[in-house]
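*Asks:* Provided below: my_file-v7.pdb, containing PDB, C-alpha atoms.
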ATOM      1  CA  MET A1334     116.861 117.945  91.731
ATOM      2  CA  ALA A1335     113.256 118.379  92.874
ATOM      3  CA  ARG A1336     112.480 121.295  95.135
ATOM      4  CA  PRO A1337     111.658 120.421  98.746
ATOM      5  CA  LYS A1338     107.952 120.241  99.530
ATOM      6  CA  THR A1339     106.483 122.984 101.645
ATOM      7  CA  ARG A1340     104.919 122.158 105.003
ATOM      8  CA  GLU A1341     101.481 122.721 103.438
ATOM      9  CA  GLU A1342     102.265 120.261 100.641
ATOM     10  CA  ARG A1343     103.511 117.667 103.123
ATOM     11  CA  LEU A1344     100.373 118.058 105.244
ATOM     12  CA  PHE A1345      98.167 117.745 102.163
ATOM     13  CA  SER A1346      99.959 114.570 101.057
ATOM     14  CA  ALA A1347      99.615 112.942 104.472
ATOM     15  CA  ALA A1348      95.960 114.004 104.712
ATOM     16  CA  VAL A1349      95.190 112.467 101.308
ATOM     17  CA  LEU A1350      96.795 109.195 102.397
ATOM     18  CA  ARG A1351      94.898 109.123 105.681
ATOM     19  CA  ARG A1352      91.541 110.040 104.104
ATOM     20  CA  THR A1353      91.952 107.443 101.356
ATOM     21  CA  PHE A1354      92.505 104.668 103.886
ATOM     22  CA  ALA A1355      89.630 105.966 106.051
ATOM     23  CA  LEU A1356      87.192 105.968 103.123
ATOM     24  CA  ASN A1357      88.172 102.385 102.361
ATOM     25  CA  GLY A1358      87.578 101.377 105.982
ATOM     26  CA  GLU A1359      91.232 100.482 106.457
ATOM     27  CA  GLU A1360      92.335 103.288 108.774
ATOM     28  CA  HIS A1361      92.740 100.987 111.781
ATOM     29  CA  ARG A1362      94.513  98.108 110.056
ATOM     30  CA  ALA A1363      98.099  97.308 110.943
ATOM     31  CA  GLN A1364      99.197  97.831 107.323
ATOM     32  CA  PHE A1365      97.843 101.379 107.361
ATOM     33  CA  ARG A1366      99.581 102.199 110.635
ATOM     34  CA  PHE A1367     102.882 100.850 109.308
ATOM     35  CA  VAL A1368     102.718 102.916 106.115
ATOM     36  CA  TYR A1369     101.216 106.025 107.713
ATOM     37  CA  ASP A1370     103.689 106.146 110.603
ATOM     38  CA  GLY A1371     106.550 105.865 108.105
ATOM     39  CA  VAL A1372     105.114 108.629 105.946
ATOM     40  CA  LEU A1373     104.706 110.913 108.961
ATOM     41  CA  ARG A1374     108.282 110.226 110.001
ATOM     42  CA  ASP A1375     109.632 110.837 106.489
ATOM     43  CA  LEU A1376     107.645 114.064 106.125
ATOM     44  CA  GLY A1377     108.566 115.297 109.599
ATOM     45  CA  LEU A1378     104.935 115.599 110.697
ATOM     46  CA  ALA A1379     102.942 114.621 113.757
ATOM     47  CA  GLU A1380      99.599 112.855 113.500
ATOM     48  CA  ALA A1381      97.877 115.711 115.374
ATOM     49  CA  GLU A1382      99.095 118.167 112.715
ATOM     50  CA  VAL A1383      97.580 116.062 109.947
ATOM     51  CA  ASP A1384      94.329 115.677 111.895
ATOM     52  CA  ALA A1385      94.073 119.454 112.289
ATOM     53  CA  TYR A1386      94.897 120.017 108.611
ATOM     54  CA  LEU A1387      92.308 117.465 107.544
ATOM     55  CA  ALA A1388      89.646 119.060 109.751
ATOM     56  CA  ALA A1389      90.297 122.440 108.133
ATOM     57  CA  HIS A1390      90.767 121.250 104.526
ATOM     58  CA  ARG A1391      88.551 118.174 104.166
ATOM     59  CA  ALA A1392      86.787 119.489 101.043
ATOM     60  CA  GLU A1393      90.082 120.030  99.199
ATOM     61  CA  VAL A1394      91.405 116.627 100.259
ATOM     62  CA  ASP A1395      88.172 114.904  99.214
ATOM     63  CA  ALA A1396      88.260 116.685  95.838
ATOM     64  CA  ALA A1397      91.837 115.519  95.297
ATOM     65  CA  ILE A1398      90.829 111.876  95.764
ATOM     66  CA  GLY A1399      87.700 112.189  93.644
ATOM     67  CA  ARG A1400      85.159 112.577  96.438
ATOM     68  CA  GLY A1401      82.826 115.528  96.678
ATOM     69  CA  PRO A1402      82.919 118.657  94.506
ATOM     70  CA  LYS A1403      85.985 119.292  92.392
ATOM     71  CA  ALA A1404      88.295 122.066  93.468
ATOM     72  CA  GLY A1405      87.596 125.255  91.513
ATOM     73  CA  ALA A1406      84.230 124.019  90.235
ATOM     74  CA  GLY A1407      81.260 126.298  90.348
TER      75      GLY A1407
END
Could you express the structure from this file as structure tokens?
*Replies:*
Amino acid sequence: MARPKTREERLFSAAVLRRTFALNGEEHRAQFRFVYDGVLRDLGLAEAEVDAYLAAHRAEVDAAIGRGPKAGAG
């Protein structure tokens, strides 16, 4: 059985999903809202929590999806 994800891991996952859709210009489409709202519900998160996490960790999220500098590079 897989270990439960930490709150930080759940926030990171939701932030990656949101940022990926935003970079593709699909953040306001109905399909995104349907998927994203379900993910938030399943992860037990609020949209404001993900927004705050993304604001504080954008570089790490962007690195995870192949945008910007790679994590640990330098």
*Asks:* When you count all atoms listed in the file, which of these residues is closest to Glu1341 (chain A): A:Ala1388, A:Val1368, A:Leu1378, A:Ala1396?
*Replies:*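 Checking each candidate against Glu1341 (chain A), we get A:Leu1378 as the closest.
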*Asks:* Which of these, A:Thr1339, A:Ser1346, A:Asn1357, A:Gln1364, has the shortest distance to His1390 (chain A) once you count only C-alpha atoms?
*Replies:*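 Ranking A:Thr1339, A:Ser1346, A:Asn1357, A:Gln1364 by distance to His1390 (chain A), first place goes to A:Ser1346.
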*Asks:* For CA of Glu1360 (chain A) and CA of Arg1340 (chain A), quote the distance in Å rounded to one decimal.
*Replies:*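 CA of Arg1340 (chain A) lies 23.0 Å from CA of Glu1360 (chain A).
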*Asks:* Between CA of Ala1355 (chain A) and CA of Ala1381 (chain A), what is the spacing in Å?
*Replies:*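 So the two atoms, CA of Ala1381 (chain A) and CA of Ala1355 (chain A), lie 15.8 Å apart.
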*Asks:* When the PyMOL selection byres ((chain A and resi 1383) around 10) is applied to the structure above, which residues does it catch, written out as a PyMOL selection string?
*Replies:* chain A and resi 1343-1349+1351+1373+1378-1382+1384-1389
*Asks:* Would you mind exporting C-alpha atoms of the selected residues as a short mmCIF file (atom, residue, chain, number, x, y, z; two decimals), in the frame of the given file?
*Replies:*
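Contents of part31.cif, as written:
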data_model
loop_
_atom_site.label_atom_id
_atom_site.label_comp_id
_atom_site.auth_asym_id
_atom_site.auth_seq_id
_atom_site.Cartn_x
_atom_site.Cartn_y
_atom_site.Cartn_z
CA ARG A 1343 103.51 117.67 103.12
CA LEU A 1344 100.37 118.06 105.24
CA PHE A 1345 98.17 117.74 102.16
CA SER A 1346 99.96 114.57 101.06
CA ALA A 1347 99.62 112.94 104.47
CA ALA A 1348 95.96 114.00 104.71
CA VAL A 1349 95.19 112.47 101.31
CA ARG A 1351 94.90 109.12 105.68
CA LEU A 1373 104.71 110.91 108.96
CA LEU A 1378 104.94 115.60 110.70
CA ALA A 1379 102.94 114.62 113.76
CA GLU A 1380 99.60 112.86 113.50
CA ALA A 1381 97.88 115.71 115.37
CA GLU A 1382 99.10 118.17 112.72
CA ASP A 1384 94.33 115.68 111.90
CA ALA A 1385 94.07 119.45 112.29
CA TYR A 1386 94.90 120.02 108.61
CA LEU A 1387 92.31 117.46 107.54
CA ALA A 1388 89.65 119.06 109.75
CA ALA A 1389 90.30 122.44 108.13
#
*Asks:* Looking at A:Leu1376, A:Ala1363, A:Ile1398, A:Met1334, which one is nearest to Leu1350 (chain A), with distances taken over all atoms listed in the file?
*Replies:* A:Ile1398
*Asks:* What is the CA of Arg1374 (chain A)-CA of Arg1400 (chain A) distance in Å, reported with one decimal?
*Replies:*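 Between CA of Arg1374 (chain A) and CA of Arg1400 (chain A) the gap is 26.9 Å.
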*Asks:* My list of candidates is A:His1361, A:Val1394, A:Lys1338, A:Leu1356. Which is closest to Asp1375 (chain A) when distances are computed with all atoms listed in the file?
*Replies:*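 Using all atoms listed in the file, the shortest distance to Asp1375 (chain A) belongs to A:Lys1338.
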*Asks:* Kindly indicate which residue among A:Arg1352, A:Arg1366, A:Glu1342, A:Pro1337 lies nearest to Gly1399 (chain A), using all atoms listed in the file for the distances.
*Replies:*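 Selected residue with least distance to Gly1399 (chain A): A:Arg1352.
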